[in-house]
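Below is one structure, written out as C-alpha cells; comments come after it.
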Amino acid sequence: MLRRRGIGGPRPSILFGNIPEMNKIREESKPPPAGHGSERVSYDVWATSIFPFLWRWTQQYGQLYVYSTWNKVHLYVEQPDMLRELNLHNSLSLGKPSYTKDVPEPMLGKGIIHANGNYWAFQRKFIAEFFLGKLKGMVGVMARTTLAIIIKWESQIKKREKRIIDIIIDDDLKSLSTDIILRICFGSSYLQGKLIFTKLKAIQMANRHIPTKRNREIWRLQSEIETLILKVEKDREDATQTGNENDKDLLQIILEGALGQRTLTANCFVLDICKNMYFAGHDTIAFVASWCLMLLALHPDWQECVHAKILDIYGQAPHPHFFLDMDVLHKKPFADITIGNLVLPKGIHIWSSMLSLHRDPHNWGVDSNNKYPEGYMPFGYGSRLCLGQTFALVELKIIHSLLLCRFSFSLSPNYCHSPIHKILLLPEHGVQLLIERL
C-alpha cells in the first residue's frame with residue numbers, strides 16, 4: 001500500500017523480507033577494533049555502526065522508506081514534519097508492537113513500558129501523578145544517596161599516592177541509581193524493596209539462560225517476589241490499623257492501583273510495575289550518567305564550564321550539559337491513522353533513529369555533531385513520552401552537580417569506546433575514567 005503511494009525502500013525477498021540484506025550490511029559496516037583513550041572516540045563511526053542498514057538506506061531512499069522483516073512491514077521515518085505530526089498524535093491507537101514483548105517479557109511483564117490501550121492509560125495515570133506530585137520531596141533523597149558514592153571515591157583516592165584513581169564507573173553508578181529508585185519507590189519498606197530488586201536483577205540474568213532452565217528459574221524468582229510483596233502489603237495494612245501510616249510512596253500507590261484494574265491479578269500487576277520501575281529507574285539512568293561523565297571527560301572545556309556554573313549557583317541544582325540518546329523509537333498503529341497526507345495502515349511498524357535525527361546535517365548543518373538541536377527527543381514523543389522525564393533530568397542534574405563540584409574527570413588511557421545496542425545503548429567495555437579530587 002505504501003509503496004503504491006510512491007514510498008521507496010529496499011526490495012524484499014519473498015520469505016525473509018530484507019533480513020539477508022540487513023545481515024550483509026551489518027557485516028560490511030563493522031567498525032574497526034576500538035583503540036584506547038580519547039583519540040579513538042569518533043561520533044561518526046559508532047553512531048553509524050548501531051543500525052548500519054538504517055543509515056545506508058536513508059542515504060539511498062531518503063528520510064521516509066519501507067522495509068520488511070519476515071512478514072512484518074516497517075516504515076522508517078526521519079522527516080521532521082512527519083515526526084512533529086507523530087508527536088502530536090495522542091490516540092491510544094498508537095502503541096508498542098506485540099512481537100517486541102517476547103524477548104524482554106520476564107524483565108518487563110505487562111507493565112507500562114510494553115502495555116497498550118486502556119491498560120497502559122490506567123497505569124500511566126497513577127504513575128504520572130506520583131512523579132509529578134512528589135518530585136520536590138525526592139531531591140533530598142537523591143542528594144543524600146549520591147553522597148555515598150562521593151565518600152567511596154574519596155576514600156579510594158586517599159589511598160593513592162598520586163591522588164588519582166583509574167576505575168570503571170558503571171557499577172558504582174548502577175548501585176547509586178538503584179538505591180535512589182529503591183528509596184523513592186519503597187520508602188519505609190526499603191529493606192524489603194532491596195530484596196525485591198535483587199531478585200528482579202536475577203530475573204534479568206535468568207533471561208539469558210537456556211529456555212527450560214530459564215523458565216524454572218524465573219518462576220521461582222517471581223514466586224519469591226510475590227511473597228515479599230504480600231508481606232510488604234500486610235505490614236502496611238498493620239501499620240495503618242495501628243495509626244503508624246507513613247507518607248504515600250510509589251509502592252503504596254501501586255498497591256492501591258492494583259485493586260482498580262481487571263487485566264491481571266493484583267500480585268501480577270504489582271510485580272510487573274516493580275519490574276518496569278527497576279528497569280526504567282535503574283538501568284537507563286545509570287547508563288546515561290556513565291555516558292555523561294564520559295563526554296565531560298572527553299571535553300574538558302564543557303567540564304570547566306559546568307564546574308564554574310556550580311560555583312556560581314551552588315545548591316540550586318545547576319545545569320551540567322548532558323547527552324541522552326535513545327537509539328531508536330518504535331511504535332505500531334492498532335488502527336489506520338493519518339499523519340499529514342499519509343494514511344498509515346494498521347499493523348505497520350514505525351521506526352525512527354534518534355542517533356540519526358539528532359545528527360542530521362540536512363536539518364542542523366555540517367557541524368551537526370557539535371550542536372544540540374531544538375528537535376532533540378531523548379524521551380520519545382507523543383502520548384508515549386517517558387513518564388519519568390522530569391524525574392530523570394532532576395536526578396541526573398543532582399548526581400552530576402555533586403560529583404563535578406568534588407572531582408575532575410578525564411578519560412583513562414585504557415578506555416575503549418565501543419557502544420553497543422542491547423535494548424539500551426551500552427558501553428561494551430564499561431566507561432573507564434581517571435578521577436581526581438578537586
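Labels used: A, B, ... for chains in the order of the C-alpha cells, numbers from 1 for residues in each chain, and numbers from 1 for ligands as shown.
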Within 9 Å of A:Leu298 using only C-alpha atoms, minus same-chain residues under 3 positions, as a PDB file with C-alpha atoms, in the first residue's frame:
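Final output, part.pdb:
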```pdb
ATOM      1  CA  SER A  38      40.300   9.890  23.591  1.00  0.00           C
ATOM      2  CA  VAL A  41      36.300   8.352  20.239  1.00  0.00           C
ATOM      3  CA  LEU A 293      30.715  11.650  32.570  1.00  0.00           C
ATOM      4  CA  MET A 294      32.497  10.107  29.566  1.00  0.00           C
ATOM      5  CA  LEU A 295      31.579  13.106  27.406  1.00  0.00           C
ATOM      6  CA  TRP A 302      32.467  21.522  28.942  1.00  0.00           C
ATOM      7  CA  GLN A 303      33.568  20.254  32.333  1.00  0.00           C
ATOM      8  CA  PHE A 409      37.265  13.567  35.242  1.00  0.00           C
ATOM      9  CA  SER A 410      39.410  12.580  32.279  1.00  0.00           C
ATOM     10  CA  LEU A 411      39.401   9.549  30.009  1.00  0.00           C
TER      11      LEU A 411
END
```
**OP:** Find the residues near A:Leu64: any atom within 12 Å, counting only C-alpha atoms, skip ones fewer than 6 places away on the same chain, and give them as an MDAnalysis selection string.
**Re:** chainID A and resid 2:3 5:10 54:55 57:58 74:83 342 350:353
Store the residues picked out above, limited to C-alpha atoms, as a compact mmCIF listing (two decimals), in the first residue's frame.
```txt
# COMPACT_ATOMS: atom_id res chain seq x y z
CA LEU A 2 2.70 2.49 0.99
CA ARG A 3 4.87 1.52 -1.97
CA ARG A 5 1.87 5.75 -2.72
CA GLY A 6 5.39 6.28 -4.03
CA ILE A 7 7.34 5.47 -0.85
CA GLY A 8 10.51 3.63 -1.79
CA GLY A 9 12.77 1.25 0.04
CA PRO A 10 14.90 -1.86 -0.44
CA LEU A 54 19.05 2.24 8.52
CA TRP A 55 21.86 4.69 7.82
CA TRP A 57 19.00 3.04 3.33
CA THR A 58 18.46 6.64 4.43
CA HIS A 74 8.30 -1.34 8.72
CA LEU A 75 8.11 2.37 7.91
CA TYR A 76 11.28 4.31 8.70
CA VAL A 77 10.59 7.98 9.49
CA GLU A 78 13.17 10.72 9.79
CA GLN A 79 11.27 13.60 8.20
CA PRO A 80 10.94 16.36 10.84
CA ASP A 81 7.43 17.36 9.70
CA MET A 82 6.14 13.81 9.98
CA LEU A 83 7.81 13.29 13.37
CA LEU A 342 -0.18 9.86 4.55
CA ILE A 350 7.11 2.77 12.64
CA TRP A 351 10.81 3.28 13.33
CA SER A 352 12.89 6.42 13.91
CA SER A 353 16.58 6.63 14.71
```
Test item: residues at most 9 Å from A:Val270, only C-alpha atoms, excluding those fewer than 4 positions along its chain, as a PDB file with C-alpha atoms, in the first residue's frame:
```pdb
ATOM      1  CA  GLY A 111       3.961  -3.145  32.822  1.00  0.00           C
ATOM      2  CA  GLU A 226       5.166 -12.158  45.111  1.00  0.00           C
ATOM      3  CA  ILE A 229       5.183  -8.043  48.028  1.00  0.00           C
ATOM      4  CA  LEU A 251       4.623   1.232  46.076  1.00  0.00           C
ATOM      5  CA  ILE A 254       0.727   0.791  43.036  1.00  0.00           C
ATOM      6  CA  LEU A 255      -0.870  -1.417  45.715  1.00  0.00           C
ATOM      7  CA  GLY A 257      -3.996   0.824  41.894  1.00  0.00           C
ATOM      8  CA  ALA A 258      -3.898  -2.979  41.777  1.00  0.00           C
ATOM      9  CA  THR A 265      -4.308 -10.472  39.379  1.00  0.00           C
ATOM     10  CA  ALA A 266      -3.276  -7.881  41.956  1.00  0.00           C
ATOM     11  CA  CYS A 274       8.006  -3.104  40.008  1.00  0.00           C
ATOM     12  CA  LYS A 275       9.854  -4.710  37.083  1.00  0.00           C
TER      13      LYS A 275
END
```
**OP:** Using DSSP on the backbone coordinates, identify the residues of stretch 129-289 of chain A assigned to strand (DSSP E or B); present them as a ChimeraX atom specification.
**Re:** /A:164-168
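Comparing A:Arg4, A:Leu426, A:Ser290, A:Met138 by their smallest distance to A:Ile168, the closest is A:Ser290 (using only C-alpha atoms).
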Subject >> Between atom CA of A:Gln156 and atom CA of A:Leu404 - distance in Å to one decimal >> reply: 16.8 Å
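Take atom CA of A:Leu438 and atom CA of A:Arg406: the distance between them is 5.5 Å.
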Neighbour list for A:Leu396 as a compact mmCIF listing (two decimals) with N, CA and C atoms, in the first residue's frame, cut-off 8 Å, only C-alpha atoms, skip fewer than 3 positions in-chain:
```txt
# COMPACT_ATOMS: atom_id res chain seq x y z
N ILE A 285 19.02 5.34 33.74
CA ILE A 285 19.69 6.49 34.35
C ILE A 285 21.17 6.20 34.60
N ALA A 289 24.11 8.42 32.97
CA ALA A 289 25.10 9.08 33.83
C ALA A 289 26.52 8.70 33.42
N ALA A 392 14.05 11.93 35.80
CA ALA A 392 15.38 11.57 35.30
C ALA A 392 16.27 12.79 35.16
N LEU A 393 15.72 13.88 34.63
CA LEU A 393 16.51 15.09 34.45
C LEU A 393 16.98 15.65 35.78
N ILE A 399 23.07 14.38 40.53
CA ILE A 399 24.24 13.49 40.55
C ILE A 399 25.47 14.19 39.97
N HIS A 400 25.30 14.79 38.80
CA HIS A 400 26.46 15.40 38.15
C HIS A 400 26.94 16.67 38.85
```
Original post:
For the atom pair atom CA of A:Ile420 and atom CA of A:Asn276, what is the interatomic distance in Å to one decimal place?
Top reply: 21.8 Å
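Shortest separation to A:Leu92 among A:Lys136, A:His417, A:Arg163, A:Arg384 occurs at residue A:Arg384, atoms counted being only C-alpha atoms.
Residue nearest A:Lys162 within the list A:Arg437, A:Lys213, A:Lys309, A:His349: A:Arg437 [criterion: smallest interatomic distance, only C-alpha atoms].
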Subject >> Residues near stretch 141-149 of chain A, cut-off 8 Å, only C-alpha atoms, skip fewer than 4 positions along chain, as a PyMOL selection string >> reply: chain A and resi 137+153+172+176+179-180+183-184+395+398-399+402
Output N, CA and C atoms of each residue in that selection to a file, as a PDB file, in the first residue's frame.
```pdb
ATOM      1  N   GLY A 137       9.929  16.466  46.896  1.00  0.00           N
ATOM      2  CA  GLY A 137      10.378  15.718  48.062  1.00  0.00           C
ATOM      3  C   GLY A 137      11.441  14.680  47.750  1.00  0.00           C
ATOM      4  N   TRP A 153      34.548   7.167  46.563  1.00  0.00           N
ATOM      5  CA  TRP A 153      35.635   7.582  45.666  1.00  0.00           C
ATOM      6  C   TRP A 153      36.704   8.373  46.418  1.00  0.00           C
ATOM      7  N   ASP A 172      29.327   1.447  40.033  1.00  0.00           N
ATOM      8  CA  ASP A 172      29.033   2.422  41.085  1.00  0.00           C
ATOM      9  C   ASP A 172      27.793   3.229  40.747  1.00  0.00           C
ATOM     10  N   LEU A 176      24.150   3.402  42.603  1.00  0.00           N
ATOM     11  CA  LEU A 176      23.581   4.687  43.006  1.00  0.00           C
ATOM     12  C   LEU A 176      22.158   4.849  42.489  1.00  0.00           C
ATOM     13  N   ASP A 179      19.750   2.544  44.291  1.00  0.00           N
ATOM     14  CA  ASP A 179      19.440   2.977  45.655  1.00  0.00           C
ATOM     15  C   ASP A 179      18.448   4.136  45.655  1.00  0.00           C
ATOM     16  N   ILE A 180      18.591   5.048  44.686  1.00  0.00           N
ATOM     17  CA  ILE A 180      17.675   6.189  44.614  1.00  0.00           C
ATOM     18  C   ILE A 180      16.256   5.724  44.302  1.00  0.00           C
ATOM     19  N   ARG A 183      14.646   3.872  47.316  1.00  0.00           N
ATOM     20  CA  ARG A 183      14.169   4.730  48.417  1.00  0.00           C
ATOM     21  C   ARG A 183      12.917   5.494  48.024  1.00  0.00           C
ATOM     22  N   ILE A 184      12.815   5.859  46.747  1.00  0.00           N
ATOM     23  CA  ILE A 184      11.656   6.618  46.294  1.00  0.00           C
ATOM     24  C   ILE A 184      10.444   5.714  46.105  1.00  0.00           C
ATOM     25  N   GLU A 395      17.325  13.981  38.629  1.00  0.00           N
ATOM     26  CA  GLU A 395      18.301  13.061  39.213  1.00  0.00           C
ATOM     27  C   GLU A 395      19.672  13.226  38.564  1.00  0.00           C
ATOM     28  N   ILE A 398      21.352  16.482  39.699  1.00  0.00           N
ATOM     29  CA  ILE A 398      21.850  16.412  41.077  1.00  0.00           C
ATOM     30  C   ILE A 398      23.108  15.555  41.150  1.00  0.00           C
ATOM     31  N   ILE A 399      23.073  14.379  40.527  1.00  0.00           N
ATOM     32  CA  ILE A 399      24.243  13.486  40.552  1.00  0.00           C
ATOM     33  C   ILE A 399      25.468  14.190  39.973  1.00  0.00           C
ATOM     34  N   LEU A 402      26.791  17.304  42.058  1.00  0.00           N
ATOM     35  CA  LEU A 402      27.502  16.911  43.279  1.00  0.00           C
ATOM     36  C   LEU A 402      28.854  16.283  42.970  1.00  0.00           C
TER      37      LEU A 402
END
```
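Each of A:Phe51, A:Tyr381, A:Tyr65, A:Phe279 was compared to A:Asn90 using only C-alpha atoms, and A:Tyr381 turns out to be the nearest.
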